[in-house]
Amino acid sequence: MNKDVVKGFLSLSSFTALNHGSRIILTLCLARLLTTDEFGTFAALLALCEILLLPASMGFSSSLMRISYPLYTHQQHDLLRGLRHVYLAASAIFGVLFVASIVISFQAISPHQSAKEHVIYLLLLVPIGAIMQSQSAFLVALNKPKIGLITQQCIFELLSALLCLLLHFSYGELSLVSICVLLFCSMLCVVCYQYWLIKGIIESRIARYQTKQWCKDSLIMLASGAGTVLVAKLDVLLVHHWFGAQGVSVFFPAVVIAGLLTILGNAANQYLKPILMAENDNSKAVSELMSVLWRFNFGAIIILALLAKPLLSLYGETQLQQGFWVLMLMLLGQLFLPARILASSLIKLKGNPLINLYVLLAATSVTILMAFILKDQWGLLGVAVAFSGGFILGALSHMVIVCTHMRLPLAVVFGLVR
């Protein structure tokens, strides 16, 4: 393995690990402080919130790297200032209107009273969260990848966990309403910090705008990326709909633990972006990274499998054996994570981003059908089988597309080019 690639990859992994470590800390705190029903409701609302972040930003949280990186490279600070105004306005105006429509729809269809009562707080959380995600992507494009990654969620989640603990020990109780308020205050602090950082990077010039083109590009990226986010969080929402808060309290810890593998996925994604956007032949550089990613991903899966029961026990898992097998099934699907990361990034940055949407719609349709068929006989395990199988199907479909239509050698995908 190339030592420079390993060093660069591990450097980025350490920062993406902070984001997922903070998620573990926050959810562990709340799992211990809330009742089982309250924690299940919180997990479902958190999943719904994360699904809505990308569309609430009108796609800018996904498109800013592609739009702003060339502007920063050519020092077009007037356009960068204009772009900042546009994505802030999109999240503030479109985000509120979009979330309001989702809240009304959710209250109409959800059979669970607790979720219906608390879903209104998404109006508070999602628009500010969309701005936080957009500014994080903007900082990465402005050559501040480490601070961009840290402010993506790490600071906000650690601050939220600290505030929740302080409130609990000060007043002896913690409600979902107070948690939502604390989450909003934490995100607001991070957004203000990000804005201050960006203001110091962009030179003071009269802003210029290419609003129509930016919005068009962002909507395309929204169509592409929304499917990815939906598939990633749909399992928790379906479990909540079919099995209620009790089912989520068993299922969600396994989701969080399996999600630790995205530490490697996100680091690889950040590492790949400048390589794939370069105009020269990059097959060797991509292959070197993939060689590292396949090995680290497999090693991480083995470690998580060995530590599964101790990790689940930290959440106070009441159905430990069932949670263990749910986690094992999810880890099985993550064996194909490296192929999915490379293929989807290549399509997103070099091809037609809508292809990602088409693949995910097909894979998601099969996944939901499988989950619906298996849930009555196998319960949570059936849902885990369906989503693990759907992930594998999506990864293989992406890989076939980039190897056949974009002429990417299979040897590059598996890191065999030297």
# chains A, B, ... in the order shown; residues from 1 in each chain; ligands from 1
call {"tool": "closest_atom_pairs", "arguments": {"of": "range 5-82 of chain A", "to": "range 344-360 of chain A", "cutoff": "10 Å", "atoms": "only C-alpha atoms", "output": "Markdown table"}}
result
| residue | atom | partner | partner_atom | distance |
| --- | --- | --- | --- | --- |
| A:Ser62 | CA | A:Lys348 | CA | 9.9 |
| A:Ser63 | CA | A:Lys348 | CA | 9.6 |
| A:Met65 | CA | A:Leu349 | CA | 9.6 |
| A:Arg66 | CA | A:Leu349 | CA | 7.3 |
call {"tool": "write_last_selection", "arguments": {"atoms": "N, CA and C atoms", "output": "PDB file, in the first residue's frame"}}
result
ATOM      1  N   SER A  62     -25.371  19.499  -1.257  1.00  0.00           N
ATOM      2  CA  SER A  62     -24.717  18.478  -2.075  1.00  0.00           C
ATOM      3  C   SER A  62     -23.967  19.081  -3.258  1.00  0.00           C
ATOM      4  N   SER A  63     -24.449  20.198  -3.776  1.00  0.00           N
ATOM      5  CA  SER A  63     -23.889  20.761  -5.016  1.00  0.00           C
ATOM      6  C   SER A  63     -22.779  21.779  -4.794  1.00  0.00           C
ATOM      7  N   MET A  65     -19.856  21.814  -3.460  1.00  0.00           N
ATOM      8  CA  MET A  65     -18.487  21.406  -3.816  1.00  0.00           C
ATOM      9  C   MET A  65     -18.281  21.528  -5.315  1.00  0.00           C
ATOM     10  N   ARG A  66     -19.232  21.030  -6.076  1.00  0.00           N
ATOM     11  CA  ARG A  66     -19.121  21.054  -7.535  1.00  0.00           C
ATOM     12  C   ARG A  66     -19.210  22.468  -8.089  1.00  0.00           C
TER      13      ARG A  66
END
call {"tool": "residues_around", "arguments": {"residues": "range 207-220 of chain A", "least_positions_apart": "5", "cutoff": "8 Å", "atoms": "only C-alpha atoms", "output": "list in words"}}
result
Met58, Gly59, Phe60, Ser62, Ser63, Leu64, Ile67, His77, Asp78, Leu79, Leu80, Arg81, Gly82, Leu83, Val86, Pro353 and Leu354 of chain A
call {"tool": "closest_residue", "arguments": {"among": "A:Phe138, A:Tyr87, A:Phe324, A:Phe9", "to": "Ser68 in chain A", "atoms": "only C-alpha atoms"}}
result
A:Phe138
call {"tool": "residues_around", "arguments": {"residues": "range 89-98 of chain A", "least_positions_apart": "5", "cutoff": "10 Å", "atoms": "only C-alpha atoms", "output": "list in words"}}
result
Leu52, Leu53, Leu54, Pro55, Ala56, Ser57, Met58, Gly59, Phe60, Ser61, Leu83, Arg84, Val103, Leu122, Leu123, Leu124, Leu125, Val126, Pro127, Ile128, Gly129, Ala130, Ile131, Met132, Ser134 and Cys215 of chain A
call {"tool": "residues_around", "arguments": {"residues": "Val6 in chain A", "least_positions_apart": "3", "cutoff": "10 Å", "atoms": "only C-alpha atoms", "output": "number ranges by chain"}}
result
A: 1-3, 9-11, 288-289, 291-293, 296
call {"tool": "closest_residue", "arguments": {"among": "A:Ile198, A:Leu314, A:Ala267, A:Ile150", "to": "Ile24 in chain A", "atoms": "only C-alpha atoms"}}
result
A:Leu314
call {"tool": "closest_residue", "arguments": {"among": "A:Gly390, A:Tyr195, A:Val385, A:His405", "to": "Thr367 in chain A", "atoms": "only C-alpha atoms"}}
result
A:Gly390
call {"tool": "residues_around", "arguments": {"residues": "Ile201 in chain A", "least_positions_apart": "5", "cutoff": "10 Å", "atoms": "only C-alpha atoms", "output": "number ranges by chain"}}
result
A: 77, 139, 142-144, 196
call {"tool": "closest_residue", "arguments": {"among": "A:Gln321, A:Ser175, A:Thr27, A:Ser287", "to": "Leu46 in chain A", "atoms": "only C-alpha atoms"}}
result
A:Thr27
call {"tool": "residues_around", "arguments": {"residues": "Pro145 in chain A", "least_positions_apart": "6", "cutoff": "12 Å", "atoms": "only C-alpha atoms", "output": "JSON, numbers by chain"}}
result
{"A": [11, 12, 13, 15, 16, 65, 69, 135, 136, 137, 138, 139, 151, 152, 266, 267, 269, 270, 271, 273, 274]}
call {"tool": "residues_around", "arguments": {"residues": "Gly382 in chain A", "least_positions_apart": "2", "cutoff": "10 Å", "atoms": "only C-alpha atoms", "output": "PDB file with N, CA and C atoms, in the first residue's frame"}}
result
ATOM      1  N   VAL A 326     -29.502  -8.214  13.987  1.00  0.00           N
ATOM      2  CA  VAL A 326     -29.791  -7.064  13.112  1.00  0.00           C
ATOM      3  C   VAL A 326     -28.490  -6.384  12.696  1.00  0.00           C
ATOM      4  N   LEU A 329     -26.446  -8.503  10.134  1.00  0.00           N
ATOM      5  CA  LEU A 329     -26.998  -8.411   8.784  1.00  0.00           C
ATOM      6  C   LEU A 329     -26.632  -7.084   8.119  1.00  0.00           C
ATOM      7  N   MET A 370     -39.259  -6.193  -0.393  1.00  0.00           N
ATOM      8  CA  MET A 370     -38.701  -7.283   0.420  1.00  0.00           C
ATOM      9  C   MET A 370     -39.033  -7.097   1.892  1.00  0.00           C
ATOM     10  N   ALA A 371     -38.885  -5.864   2.388  1.00  0.00           N
ATOM     11  CA  ALA A 371     -39.160  -5.589   3.807  1.00  0.00           C
ATOM     12  C   ALA A 371     -40.624  -5.850   4.134  1.00  0.00           C
ATOM     13  N   PHE A 372     -41.516  -5.444   3.237  1.00  0.00           N
ATOM     14  CA  PHE A 372     -42.952  -5.634   3.462  1.00  0.00           C
ATOM     15  C   PHE A 372     -43.308  -7.118   3.503  1.00  0.00           C
ATOM     16  N   ILE A 373     -42.666  -7.919   2.630  1.00  0.00           N
ATOM     17  CA  ILE A 373     -42.939  -9.348   2.588  1.00  0.00           C
ATOM     18  C   ILE A 373     -42.375 -10.066   3.815  1.00  0.00           C
ATOM     19  N   LEU A 374     -41.176  -9.655   4.247  1.00  0.00           N
ATOM     20  CA  LEU A 374     -40.475 -10.380   5.314  1.00  0.00           C
ATOM     21  C   LEU A 374     -40.862  -9.950   6.730  1.00  0.00           C
ATOM     22  N   LYS A 375     -41.425  -8.750   6.883  1.00  0.00           N
ATOM     23  CA  LYS A 375     -41.629  -8.202   8.227  1.00  0.00           C
ATOM     24  C   LYS A 375     -42.598  -9.020   9.073  1.00  0.00           C
ATOM     25  N   ASP A 376     -43.646  -9.577   8.465  1.00  0.00           N
ATOM     26  CA  ASP A 376     -44.644 -10.299   9.254  1.00  0.00           C
ATOM     27  C   ASP A 376     -44.089 -11.600   9.815  1.00  0.00           C
ATOM     28  N   GLN A 377     -43.254 -12.290   9.028  1.00  0.00           N
ATOM     29  CA  GLN A 377     -42.726 -13.576   9.479  1.00  0.00           C
ATOM     30  C   GLN A 377     -41.454 -13.439  10.307  1.00  0.00           C
ATOM     31  N   TRP A 378     -40.588 -12.471   9.929  1.00  0.00           N
ATOM     32  CA  TRP A 378     -39.274 -12.361  10.564  1.00  0.00           C
ATOM     33  C   TRP A 378     -39.097 -11.102  11.400  1.00  0.00           C
ATOM     34  N   GLY A 379     -40.055 -10.187  11.388  1.00  0.00           N
ATOM     35  CA  GLY A 379     -39.980  -8.981  12.209  1.00  0.00           C
ATOM     36  C   GLY A 379     -38.813  -8.086  11.835  1.00  0.00           C
ATOM     37  N   LEU A 380     -38.094  -7.606  12.844  1.00  0.00           N
ATOM     38  CA  LEU A 380     -36.974  -6.696  12.617  1.00  0.00           C
ATOM     39  C   LEU A 380     -35.864  -7.343  11.787  1.00  0.00           C
ATOM     40  N   ALA A 384     -34.051  -5.959   8.365  1.00  0.00           N
ATOM     41  CA  ALA A 384     -32.595  -5.859   8.240  1.00  0.00           C
ATOM     42  C   ALA A 384     -32.094  -6.609   7.011  1.00  0.00           C
ATOM     43  N   VAL A 385     -32.649  -7.790   6.741  1.00  0.00           N
ATOM     44  CA  VAL A 385     -32.276  -8.547   5.541  1.00  0.00           C
ATOM     45  C   VAL A 385     -32.598  -7.746   4.287  1.00  0.00           C
ATOM     46  N   ALA A 386     -33.781  -7.146   4.262  1.00  0.00           N
ATOM     47  CA  ALA A 386     -34.208  -6.382   3.088  1.00  0.00           C
ATOM     48  C   ALA A 386     -33.284  -5.200   2.820  1.00  0.00           C
ATOM     49  N   PHE A 387     -32.939  -4.448   3.854  1.00  0.00           N
ATOM     50  CA  PHE A 387     -32.129  -3.249   3.641  1.00  0.00           C
ATOM     51  C   PHE A 387     -30.668  -3.590   3.380  1.00  0.00           C
ATOM     52  N   SER A 388     -30.175  -4.666   3.967  1.00  0.00           N
ATOM     53  CA  SER A 388     -28.822  -5.105   3.653  1.00  0.00           C
ATOM     54  C   SER A 388     -28.738  -5.583   2.205  1.00  0.00           C
TER      55      SER A 388
END
call {"tool": "atom_distance", "arguments": {"atom1": "CA of Ile102 in chain A", "atom2": "CA of Phe243 in chain A"}}
result
21.5 Å
